[in-house]
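> This is the content of input.tsv (TSV, C-alpha atoms and all ligand atoms):
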chain	number	residue	atom	x	y	z
A	3	MET	CA	7.16	-0.82	-25.40
A	4	ASP	CA	9.96	1.23	-23.83
A	5	TYR	CA	10.95	1.21	-20.18
A	6	ILE	CA	10.96	4.40	-18.14
A	7	ILE	CA	14.34	3.43	-16.66
A	8	ASN	CA	16.51	1.60	-19.12
A	9	HIS	CA	18.16	-0.97	-16.86
A	10	LYS	CA	18.11	-4.74	-17.21
A	11	ARG	CA	16.79	-5.32	-13.68
A	12	PHE	CA	13.45	-3.80	-14.72
A	13	LYS	CA	13.18	-6.02	-17.78
A	14	LYS	CA	13.92	-9.34	-16.14
A	15	LYS	CA	11.59	-12.32	-16.04
A	16	TYR	CA	12.40	-14.93	-13.40
A	17	SER	CA	12.19	-18.71	-13.61
A	18	PHE	CA	11.56	-21.07	-10.71
A	19	ASN	CA	15.09	-22.48	-10.98
A	20	GLU	CA	16.78	-19.18	-10.17
A	21	LEU	CA	14.66	-18.25	-7.12
A	22	ASP	CA	17.38	-19.51	-4.76
A	23	LYS	CA	19.61	-16.67	-5.83
A	24	TYR	CA	17.02	-14.11	-4.75
A	25	LEU	CA	16.09	-15.40	-1.30
A	26	TRP	CA	16.15	-12.77	1.43
A	27	SER	CA	19.53	-12.22	3.05
A	28	GLU	CA	21.02	-9.34	4.99
A	29	LYS	CA	24.17	-9.96	2.97
A	30	ARG	CA	22.60	-9.22	-0.39
A	31	ILE	CA	23.86	-6.00	-1.91
A	32	SER	CA	20.53	-5.34	-3.60
A	33	LYS	CA	17.58	-6.50	-1.48
A	34	PHE	CA	14.96	-6.73	-4.25
A	35	PRO	CA	13.54	-8.70	-5.85
A	36	HIS	CA	13.23	-11.03	-2.93
A	37	SER	CA	11.93	-14.44	-3.88
A	38	ILE	CA	9.35	-16.33	-1.84
A	39	PRO	CA	8.79	-19.76	-3.38
A	40	HIS	CA	5.19	-20.29	-2.15
A	41	TYR	CA	4.15	-16.83	-3.40
A	42	PHE	CA	5.83	-17.50	-6.74
A	43	ASP	CA	4.15	-20.90	-6.89
A	44	PHE	CA	0.71	-19.46	-6.24
A	45	PHE	CA	0.85	-16.87	-9.03
A	46	ASN	CA	2.63	-19.09	-11.52
A	47	GLY	CA	0.61	-22.17	-10.67
A	48	TYR	CA	-2.92	-21.75	-9.35
A	49	ALA	CA	-3.44	-18.16	-10.54
A	50	LYS	CA	-2.02	-18.80	-13.99
A	51	LYS	CA	-4.30	-21.80	-14.41
A	52	ASN	CA	-7.49	-20.37	-12.92
A	53	TYR	CA	-7.34	-16.59	-13.27
A	54	THR	CA	-7.65	-14.33	-16.29
A	55	LEU	CA	-5.69	-11.12	-16.81
A	56	ILE	CA	-7.37	-8.16	-18.50
A	57	PRO	CA	-5.55	-5.00	-19.71
A	58	THR	CA	-6.20	-2.04	-17.41
A	59	LYS	CA	-6.76	1.60	-18.27
A	60	CYS	CA	-5.41	4.63	-16.46
A	61	LEU	CA	-7.73	6.52	-14.11
A	62	CYS	CA	-7.21	9.63	-16.27
A	63	ASP	CA	-8.70	7.69	-19.23
A	64	ASN	CA	-5.69	8.30	-21.45
A	65	ASN	CA	-3.84	5.54	-23.16
A	66	ASP	CA	-0.18	6.52	-23.24
A	67	ASP	CA	1.93	4.31	-21.00
A	68	ILE	CA	5.57	3.43	-20.56
A	69	LEU	CA	6.76	0.27	-18.81
A	70	LEU	CA	8.23	0.47	-15.32
A	71	SER	CA	9.00	-3.17	-14.53
A	72	LYS	CA	8.34	-6.62	-15.90
A	73	SER	CA	8.29	-8.43	-12.54
A	74	ASP	CA	7.14	-7.71	-9.00
A	75	ARG	CA	9.19	-7.65	-5.82
A	76	HIS	CA	8.86	-11.41	-5.34
A	77	CYS	CA	10.01	-12.35	-8.88
A	78	VAL	CA	6.51	-12.92	-10.31
A	79	GLU	CA	5.94	-11.69	-13.83
A	80	PHE	CA	3.65	-8.67	-13.30
A	81	PRO	CA	4.20	-5.78	-15.71
A	82	THR	CA	3.67	-2.30	-14.30
A	83	VAL	CA	3.36	0.89	-16.35
A	84	VAL	CA	3.51	4.64	-15.81
A	85	CYS	CA	0.92	6.85	-17.51
A	86	LYS	CA	2.63	9.63	-19.46
A	87	LYS	CA	-0.44	11.84	-19.23
A	88	CYS	CA	-0.79	11.92	-15.44
A	89	GLY	CA	2.07	9.99	-13.79
A	90	LEU	CA	-0.01	7.27	-12.17
A	91	ILE	CA	1.77	3.92	-11.86
A	92	ARG	CA	-0.45	0.86	-12.21
A	93	SER	CA	-0.40	-2.80	-13.10
A	94	LYS	CA	-0.62	-3.26	-16.85
A	95	ASN	CA	-3.11	-6.11	-16.57
A	96	TYR	CA	-5.35	-7.21	-13.74
A	97	PHE	CA	-7.51	-10.15	-12.72
A	98	THR	CA	-11.30	-10.30	-13.15
A	99	ASP	CA	-13.60	-9.41	-10.24
A	100	GLU	CA	-14.40	-13.06	-9.76
A	101	ASN	CA	-10.70	-13.94	-9.51
A	102	ILE	CA	-10.10	-11.14	-7.04
A	103	ASN	CA	-12.95	-12.33	-4.82
A	104	ASP	CA	-11.54	-15.82	-4.86
A	105	PHE	CA	-8.08	-14.51	-4.05
A	106	TYR	CA	-9.05	-12.34	-1.08
A	107	LYS	CA	-11.51	-14.88	0.27
A	108	ASN	CA	-9.35	-17.99	0.02
A	109	TYR	CA	-5.70	-17.17	-0.51
A	110	PHE	CA	-4.64	-13.63	0.41
A	111	ARG	CA	-3.80	-14.29	4.08
A	112	ASN	CA	-1.74	-17.37	3.33
A	113	VAL	CA	-0.06	-16.21	0.15
A	114	VAL	CA	0.73	-12.62	1.08
A	115	CYS	CA	0.53	-12.11	4.84
A	116	GLU	CA	2.75	-15.10	5.51
A	117	THR	CA	5.36	-13.53	3.32
A	118	VAL	CA	5.27	-10.46	5.52
A	119	ASP	CA	5.38	-12.24	8.86
A	120	GLU	CA	7.03	-15.59	8.90
A	121	HIS	CA	5.75	-16.32	12.36
A	122	LYS	CA	2.11	-16.51	11.29
A	123	VAL	CA	1.13	-13.80	13.74
A	124	HIS	CA	-2.09	-13.51	11.78
A	125	GLU	CA	-3.13	-16.70	13.56
A	126	ASP	CA	-2.80	-14.93	16.89
A	127	PRO	CA	-5.56	-12.27	16.99
A	128	GLU	CA	-4.56	-10.83	20.34
A	129	TYR	CA	-1.02	-10.19	19.16
A	130	MET	CA	-2.29	-8.70	15.90
A	131	TYR	CA	-4.73	-6.42	17.67
A	132	ASN	CA	-2.18	-5.06	20.12
A	133	ASP	CA	0.38	-4.68	17.38
A	134	GLN	CA	-2.06	-2.65	15.25
A	135	LYS	CA	-3.01	-0.60	18.26
A	136	GLU	CA	0.63	0.33	18.92
A	137	GLU	CA	1.33	0.98	15.25
A	138	SER	CA	-1.71	3.23	15.02
A	139	ILE	CA	-0.87	5.82	17.64
A	140	LYS	CA	0.71	8.06	15.00
A	141	ARG	CA	-2.34	7.67	12.75
A	142	PHE	CA	-4.66	8.61	15.57
A	143	LYS	CA	-2.53	11.68	16.31
A	144	ILE	CA	-2.66	12.86	12.68
A	145	ILE	CA	-6.45	12.55	12.66
A	146	GLU	CA	-6.66	14.37	15.98
A	147	LYS	CA	-4.25	17.14	15.01
A	148	PHE	CA	-5.15	17.85	11.37
A	149	GLY	CA	-8.76	16.72	11.29
A	150	ASN	CA	-9.94	19.64	13.42
A	151	LYS	CA	-12.51	17.50	15.13
A	152	ILE	CA	-13.32	16.85	18.72
A	153	LEU	CA	-13.00	13.10	18.83
A	154	SER	CA	-16.01	12.25	20.89
A	155	LYS	CA	-19.47	10.94	20.04
A	156	LYS	CA	-18.37	10.39	16.44
A	157	LYS	CA	-19.01	7.46	14.15
A	158	VAL	CA	-15.64	6.02	13.19
A	159	LEU	CA	-15.37	3.42	10.45
A	160	ASP	CA	-12.22	1.39	9.81
A	161	LEU	CA	-12.65	0.10	6.27
A	162	GLY	CA	-10.56	-2.95	5.41
A	163	GLY	CA	-8.86	-2.55	8.75
A	164	GLY	CA	-7.99	-6.21	9.32
A	165	ILE	CA	-8.51	-6.66	13.03
A	166	GLY	CA	-9.33	-3.03	13.83
A	167	GLY	CA	-6.59	-2.30	16.37
A	168	ILE	CA	-6.63	1.41	15.49
A	169	LEU	CA	-10.18	1.67	16.80
A	170	GLU	CA	-8.90	0.98	20.31
A	171	HIS	CA	-7.83	4.67	20.38
A	172	PHE	CA	-11.33	5.84	19.51
A	173	LYS	CA	-13.63	3.34	21.13
A	174	ASN	CA	-14.08	4.82	24.58
A	175	GLU	CA	-15.44	8.14	23.35
A	176	ASN	CA	-16.93	7.20	19.98
A	177	GLU	CA	-19.07	4.66	18.14
A	178	VAL	CA	-16.63	2.42	16.26
A	179	TYR	CA	-17.12	0.11	13.29
A	180	LEU	CA	-14.83	-2.36	11.55
A	181	ALA	CA	-15.65	-3.51	8.01
A	182	ASP	CA	-13.65	-6.42	6.62
A	183	TYR	CA	-13.95	-9.97	5.35
A	184	PHE	CA	-11.94	-12.23	7.63
A	185	ASP	CA	-14.16	-13.87	10.28
A	186	PRO	CA	-11.54	-14.66	12.93
A	187	TYR	CA	-10.51	-10.99	13.01
A	188	LEU	CA	-14.07	-9.70	12.95
A	189	ASN	CA	-14.98	-11.95	15.85
A	190	TYR	CA	-12.01	-10.80	17.86
A	191	ALA	CA	-12.84	-7.13	17.21
A	192	LYS	CA	-16.39	-7.82	18.34
A	193	SER	CA	-15.08	-9.23	21.62
A	194	LYS	CA	-13.33	-5.86	22.08
A	195	GLY	CA	-16.59	-3.97	21.81
A	196	ILE	CA	-16.22	-2.93	18.16
A	197	ASN	CA	-19.25	-3.06	15.87
A	198	ILE	CA	-18.46	-5.35	12.96
A	199	ILE	CA	-19.60	-5.35	9.34
A	200	LYS	CA	-18.70	-8.22	7.07
A	201	GLY	CA	-17.79	-6.80	3.66
A	202	GLY	CA	-16.64	-3.60	2.01
A	203	LEU	CA	-18.03	-0.20	1.07
A	204	ASP	CA	-21.29	-1.55	-0.34
A	205	LYS	CA	-22.23	-2.84	3.11
A	206	ILE	CA	-22.00	0.59	4.77
A	207	ASP	CA	-25.47	2.08	5.24
A	208	PHE	CA	-24.62	5.15	7.31
A	209	LYS	CA	-22.47	8.28	6.96
A	210	PRO	CA	-19.44	8.10	9.26
A	211	ASP	CA	-17.66	11.14	10.70
A	212	ILE	CA	-14.28	9.48	10.23
A	213	ILE	CA	-13.36	6.82	7.67
A	214	ILE	CA	-10.01	5.07	8.00
A	215	MET	CA	-8.57	3.34	4.92
A	216	SER	CA	-5.12	2.13	5.70
A	217	HIS	CA	-3.47	0.07	2.95
A	218	VAL	CA	-6.76	-0.40	1.16
A	219	ILE	CA	-7.02	1.93	-1.83
A	220	GLU	CA	-3.98	0.54	-3.67
A	221	HIS	CA	-5.83	-2.81	-3.80
A	222	TRP	CA	-8.94	-1.38	-5.48
A	223	SER	CA	-9.36	-2.98	-8.88
A	224	ASN	CA	-12.64	-1.12	-9.51
A	225	PHE	CA	-11.35	2.24	-8.42
A	226	LYS	CA	-14.08	4.33	-10.02
A	227	GLU	CA	-16.89	2.20	-8.60
A	228	GLU	CA	-15.37	2.17	-5.11
A	229	MET	CA	-14.86	5.92	-5.26
A	230	LYS	CA	-18.52	6.41	-6.16
A	231	LYS	CA	-19.52	4.35	-3.12
A	232	LEU	CA	-17.09	6.23	-0.91
A	233	ILE	CA	-18.62	9.54	-2.00
A	234	GLN	CA	-22.12	8.24	-1.25
A	235	ILE	CA	-21.29	7.75	2.42
A	236	GLN	CA	-19.67	11.18	2.89
A	237	LYS	CA	-21.12	13.96	4.99
A	238	ILE	CA	-20.25	16.79	2.65
A	239	GLY	CA	-17.56	19.06	4.07
A	240	GLU	CA	-17.50	17.03	7.26
A	241	THR	CA	-16.41	13.42	7.01
A	242	ILE	CA	-12.66	13.04	7.53
A	243	ASN	CA	-11.07	10.37	5.34
A	244	TYR	CA	-7.77	9.02	6.61
A	245	ILE	CA	-5.98	7.29	3.73
A	246	GLU	CA	-2.60	5.62	3.93
A	247	PHE	CA	-0.33	3.56	1.65
A	248	PRO	CA	3.38	3.49	0.74
A	249	GLY	CA	4.16	6.55	-1.40
A	250	ILE	CA	6.50	6.12	-4.34
A	251	ASP	CA	7.95	9.59	-3.68
A	252	SER	CA	9.45	8.48	-0.36
A	253	LEU	CA	11.72	5.93	-2.08
A	254	LYS	CA	14.21	8.66	-2.95
A	255	LEU	CA	14.51	9.36	0.78
A	256	GLY	CA	15.76	5.83	1.33
A	257	ARG	CA	12.62	3.82	1.98
A	258	ARG	CA	13.21	0.24	0.72
A	259	GLU	CA	16.78	1.30	0.03
A	260	GLY	CA	15.46	3.43	-2.82
A	261	ASP	CA	14.29	0.42	-4.79
A	262	VAL	CA	10.93	0.88	-6.52
A	263	ILE	CA	10.81	-2.86	-7.26
A	264	GLY	CA	10.44	-3.29	-3.49
A	265	ASP	CA	7.03	-1.62	-3.73
A	266	LEU	CA	5.65	-3.64	-6.65
A	267	LEU	CA	3.36	-6.40	-5.49
A	268	VAL	CA	0.72	-8.39	-7.38
A	269	PRO	CA	-2.16	-7.60	-4.98
A	270	HIS	CA	-1.62	-3.88	-5.57
A	271	VAL	CA	-3.27	-2.35	-8.61
A	272	TYR	CA	-1.95	1.21	-8.09
A	273	PHE	CA	1.34	2.64	-6.88
A	274	PHE	CA	0.85	6.30	-6.06
A	275	THR	CA	3.13	9.21	-5.42
A	276	SER	CA	1.59	11.65	-2.94
A	277	TYR	CA	1.05	14.37	-5.56
A	278	VAL	CA	-0.51	12.07	-8.18
A	279	PHE	CA	-2.81	10.72	-5.49
A	280	GLU	CA	-3.74	14.20	-4.34
A	281	ASN	CA	-4.68	15.19	-7.89
A	282	ILE	CA	-6.82	12.04	-8.29
A	283	MET	CA	-8.66	12.86	-5.05
A	284	ASN	CA	-9.12	16.49	-6.19
A	285	ARG	CA	-10.59	15.28	-9.48
A	286	TYR	CA	-13.19	13.32	-7.52
A	287	GLY	CA	-14.09	16.33	-5.40
A	288	PHE	CA	-12.00	15.70	-2.30
A	289	GLU	CA	-9.93	18.40	-0.67
A	290	LYS	CA	-6.68	17.71	1.13
A	291	LEU	CA	-6.30	18.56	4.80
A	292	TYR	CA	-2.96	16.83	5.24
A	293	ILE	CA	-0.56	14.67	3.22
A	294	ASP	CA	3.04	13.45	3.49
A	295	SER	CA	5.22	11.44	1.12
A	296	GLU	CA	4.81	8.18	3.04
A	297	ILE	CA	1.58	8.57	2.41
A	298	LYS	CA	-0.52	9.40	5.39
A	299	SER	CA	-3.29	11.73	4.33
A	300	LEU	CA	-6.55	13.37	5.32
A	301	PHE	CA	-9.21	14.35	2.82
A	302	ILE	CA	-12.63	15.89	3.09
A	303	TYR	CA	-15.31	15.73	0.39
A	304	THR	CA	-16.49	19.09	-0.91
A	305	GLY	CA	-17.73	18.07	-4.37
A	306	LYS	CA	-15.58	20.76	-5.98
A	307	LYS	CA	-13.60	19.01	-8.72
A	308	SER	CA	-10.18	20.01	-10.06
A	309	ASN	CA	-8.62	19.39	-13.44
A	310	LEU	CA	-6.09	16.76	-14.40
A	311	ILE	CA	-2.48	17.69	-13.70
A	312	ASN	CA	0.19	15.87	-15.66
A	313	ASN	CA	2.69	14.83	-13.01
A	314	TYR	CA	4.59	12.47	-15.28
A	315	PRO	CA	7.78	14.61	-15.41
A	316	LYS	CA	7.80	14.82	-11.62
A	317	VAL	CA	7.31	11.05	-11.25
A	318	LEU	CA	10.09	10.39	-13.74
A	319	LYS	CA	12.39	12.65	-11.75
A	320	ASP	CA	11.47	10.95	-8.48
A	321	LEU	CA	12.09	7.51	-9.97
A	322	ILE	CA	15.51	8.61	-11.22
A	323	LEU	CA	16.37	10.05	-7.79
A	324	ALA	CA	15.22	6.81	-6.16
A	325	GLU	CA	17.40	4.82	-8.54
A	326	ARG	CA	20.37	7.00	-7.62
A	327	ARG	CA	19.63	6.37	-3.97
A	328	ARG	CA	19.42	2.62	-4.62
A	329	LYS	CA	22.89	2.65	-6.15
A	330	ILE	CA	24.28	4.44	-3.10
A	331	HIS	CA	22.71	1.76	-0.89
A	332	CYS	CA	24.26	-0.95	-3.07
A	333	VAL	CA	27.72	0.56	-2.59
A	334	GLN	CA	27.13	0.88	1.18
A	335	ASN	CA	25.89	-2.72	1.38
A	336	PHE	CA	28.94	-3.88	-0.51
A	337	ILE	CA	31.30	-2.05	1.84
A	338	LYS	CA	29.41	-3.45	4.86
A	339	LEU	CA	30.41	-6.96	3.81
A	340	PHE	CA	33.99	-6.10	4.74
A	341	ILE	CA	33.31	-4.41	8.07
A	342	PRO	CA	33.54	-6.67	11.14
A	343	TYR	CA	30.15	-7.40	12.71
A	344	ASN	CA	30.89	-5.69	16.04
A	345	LEU	CA	31.84	-2.45	14.42
A	346	LEU	CA	28.74	-2.61	12.28
A	347	SER	CA	26.46	-2.95	15.28
A	348	ILE	CA	28.08	0.12	16.88
A	349	ILE	CA	27.52	2.11	13.69
A	350	ARG	CA	23.89	0.97	13.64
A	351	LYS	CA	23.39	2.06	17.24
A	352	ILE	CA	24.78	5.52	16.52
A	353	ARG	CA	22.65	5.81	13.42
A	354	ASN	CA	19.47	4.69	15.24
A	355	LYS	CA	20.10	7.29	17.93
A	356	LYS	CA	20.28	9.94	15.25
A	357	ILE	CA	16.98	8.77	13.79
A	358	ASN	CA	15.29	8.75	17.19
A	359	TYR	CA	16.08	12.30	18.07
A	401	ZN	ZN	-3.11	8.65	-16.53
How does this structure look as structure tokens?


Amino acid sequence: MDYIINHKRFKKKYSFNELDKYLWSEKRISKFPHSIPHYFDFFNGYAKKNYTLIPTKCLCDNNDDILLSKSDRHCVEFPTVVCKKCGLIRSKNYFTDENINDFYKNYFRNVVCETVDEHKVHEDPEYMYNDQKEESIKRFKIIEKFGNKILSKKKVLDLGGGIGGILEHFKNENEVYLADYFDPYLNYAKSKGINIIKGGLDKIDFKPDIIIMSHVIEHWSNFKEEMKKLIQIQKIGETINYIEFPGIDSLKLGRREGDVIGDLLVPHVYFFTSYVFENIMNRYGFEKLYIDSEIKSLFIYTGKKSNLINNYPKVLKDLILAERRRKIHCVQNFIKLFIPYNLLSIIRKIRNKKINY
């Protein structure tokens, strides 16, 4: 099978012996892939022995893919493809439901979250909660501004919300619910006055006014089933769905230094651009209220379904632009190696000021 971008970095398979070369370092010219030995060990050891991979099919039901990358951002062999009939990027193969349950129940927090935060903040619920609360102010504002709802006396559900810190912004005026699987977080949320539900969509037996799904949908391995359940709990034309995940179309703007490999991660089944995602939601009968390329989005269910749009040419263009951006970052990173540290920190300060204003 061909690769959408014909460059050897997308075709590479990594062995345990070369992981040292890919450890994280500010001095690396290209930041991805970034090896994490315990993550690599889990997927090449336990998962390889105990899990089964099954070929996946695109959500548009066509069967016309081109390869994007052979490995994920942490050097694990994990082929991803782009559908030429719609532009959706997805993992070529995925684990069985049973494997996925085992993974999220027993390994996810240790294998993945520890790669994100080396300080094991996930073992400190109070820190996590406050961190999520702070991080969520912008989400709350989007819901408030574009949702056209008076945020009082509403039922607000945070689905897969971890510890539920975002609900802190809603809880004084509204009835708030957190649905997730991890007991220590659920218990902490409960101590904060949040109603807790252990499980996912199938455990929701009411119709919320606001549903928050932040970094959830890209993990759905049974997308169609989950979508059906999501539709069942909608108040038609009323429920606001806040959906967020990293959008592939923001790479070209410099996110992850333009490197799409930085977004590829085994626990993710789908890698959406904002416009491919919007079309998927439209095909299921959701209407967009707001979306940006990062992606933070608001959708409302109307039941009116749109047709498939083939966004493949647009995705291809965005991937090429991202790749161009990545090369610029590589050159910049190379030059940085020769600039004295003090000067570099001054440049960073100036640049941060620019970003802030
Ligand atoms: Zn497709």

> List all protein, DNA and RNA residues that have at least one atom no more than 9 Å from any atom of ligand ZN 401 (chain A), counting all atoms listed in the file, and write them as a PyMOL selection string.

chain A and resi 59-67+84-91+310+312+314

> Could you tell me how far atom CA of His36 of chain A lies from atom CA of Glu246 of chain A, in Å and to one decimal?

24.0 Å

> With all atoms listed in the file as the atoms that count, which of A:Ile293, A:Glu227, A:Glu220, A:Ile165 lies nearest to Pro269 of chain A?

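Nearest to Pro269 of chain A: A:Glu220.
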
> Would you list the residues near (-4.5, 11.6, -6.8), meaning any protein, DNA or RNA residue with an atom at most 12 Å from that point in file coordinates, counting only C-alpha atoms, as a PyMOL selection string?

chain A and resi 60-62+88-91+219-220+225+229+245+249+272-290+293+297+299+301+307-313

> For the interface of segment 228-337 of chain A with segment 137-151 of chain A (cut-off 7 Å, counting all atoms listed in the file), please tabulate each contacting residue of segment 228-337 of chain A alongside its nearest pair of atoms and their separation in Å to one decimal, rows sorted by chain and increasing number, as a Markdown table.


| residue | atom | partner | partner_atom | distance |
| --- | --- | --- | --- | --- |
| A:Ile242 | CA | A:Gly149 | CA | 6.5 |
| A:Leu291 | CA | A:Phe148 | CA | 6.7 |
| A:Tyr292 | CA | A:Phe148 | CA | 6.6 |

> Taking 5 positions as the minimum chain separation for residues in the same chain, which residues sit within 8 Å of Trp222 of chain A when counting only C-alpha atoms? Answer as number ranges by chain.

A: 228, 270-272

> Counting all atoms listed in the file, which residue out of A:Phe34, A:Trp26, A:Phe42, A:Tyr106 sits closest to His331 of chain A?

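Selected residue with least distance to His331 of chain A: A:Phe34.
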
> Restricting the calculation to all atoms listed in the file: of A:Asn19, A:Asn243, A:Ser223, A:Asn8, which residue gets closest to Ser93 of chain A?

A:Ser223

> Grab the atom CA of Lys254 of chain A to atom CA of Asn95 of chain A distance for me, in Å with one decimal place.

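Computing it gives 26.5 Å between the two atoms.
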
> Take segment 327-343 of chain A from the block and save it with N, CA and C atoms, as an mmCIF file, in the first residue's frame.


data_model
loop_
_atom_site.group_PDB
_atom_site.id
_atom_site.type_symbol
_atom_site.label_atom_id
_atom_site.label_comp_id
_atom_site.auth_asym_id
_atom_site.auth_seq_id
_atom_site.Cartn_x
_atom_site.Cartn_y
_atom_site.Cartn_z
ATOM 1 N N ARG A 327 5.473 22.946 7.463
ATOM 2 C CA ARG A 327 5.642 23.626 8.744
ATOM 3 C C ARG A 327 6.663 22.873 9.620
ATOM 4 N N ARG A 328 6.563 21.547 9.606
ATOM 5 C CA ARG A 328 7.483 20.725 10.400
ATOM 6 C C ARG A 328 8.924 20.977 9.969
ATOM 7 N N LYS A 329 9.131 21.081 8.669
ATOM 8 C CA LYS A 329 10.489 21.295 8.158
ATOM 9 C C LYS A 329 11.020 22.663 8.600
ATOM 10 N N ILE A 330 10.140 23.651 8.601
ATOM 11 C CA ILE A 330 10.557 24.976 9.084
ATOM 12 C C ILE A 330 10.979 24.887 10.549
ATOM 13 N N HIS A 331 10.186 24.169 11.358
ATOM 14 C CA HIS A 331 10.536 23.984 12.771
ATOM 15 C C HIS A 331 11.874 23.269 12.924
ATOM 16 N N CYS A 332 12.125 22.290 12.060
ATOM 17 C CA CYS A 332 13.391 21.556 12.131
ATOM 18 C C CYS A 332 14.565 22.512 11.903
ATOM 19 N N VAL A 333 14.426 23.376 10.906
ATOM 20 C CA VAL A 333 15.496 24.330 10.615
ATOM 21 C C VAL A 333 15.683 25.264 11.814
ATOM 22 N N GLN A 334 14.564 25.759 12.352
ATOM 23 C CA GLN A 334 14.633 26.662 13.522
ATOM 24 C C GLN A 334 15.301 25.963 14.696
ATOM 25 N N ASN A 335 14.898 24.698 14.934
ATOM 26 C CA ASN A 335 15.470 23.958 16.064
ATOM 27 C C ASN A 335 16.967 23.735 15.881
ATOM 28 N N PHE A 336 17.361 23.554 14.635
ATOM 29 C CA PHE A 336 18.772 23.354 14.332
ATOM 30 C C PHE A 336 19.562 24.637 14.632
ATOM 31 N N ILE A 337 19.006 25.751 14.184
ATOM 32 C CA ILE A 337 19.677 27.044 14.409
ATOM 33 C C ILE A 337 19.789 27.335 15.911
ATOM 34 N N LYS A 338 18.697 26.999 16.647
ATOM 35 C CA LYS A 338 18.663 27.240 18.094
ATOM 36 C C LYS A 338 19.845 26.593 18.817
ATOM 37 N N LEU A 339 20.307 25.471 18.296
ATOM 38 C CA LEU A 339 21.418 24.768 18.947
ATOM 39 C C LEU A 339 22.669 25.634 19.021
ATOM 40 N N PHE A 340 22.745 26.641 18.156
ATOM 41 C CA PHE A 340 23.950 27.471 18.101
ATOM 42 C C PHE A 340 23.759 28.846 18.748
ATOM 43 N N ILE A 341 22.561 29.069 19.283
ATOM 44 C CA ILE A 341 22.312 30.363 19.932
ATOM 45 C C ILE A 341 22.558 30.186 21.432
ATOM 46 N N PRO A 342 23.303 31.108 22.055
ATOM 47 C CA PRO A 342 23.539 30.969 23.496
ATOM 48 C C PRO A 342 22.222 30.950 24.268
ATOM 49 N N TYR A 343 22.202 30.231 25.382
ATOM 50 C CA TYR A 343 20.971 30.013 26.142
ATOM 51 C C TYR A 343 20.303 31.319 26.570
#
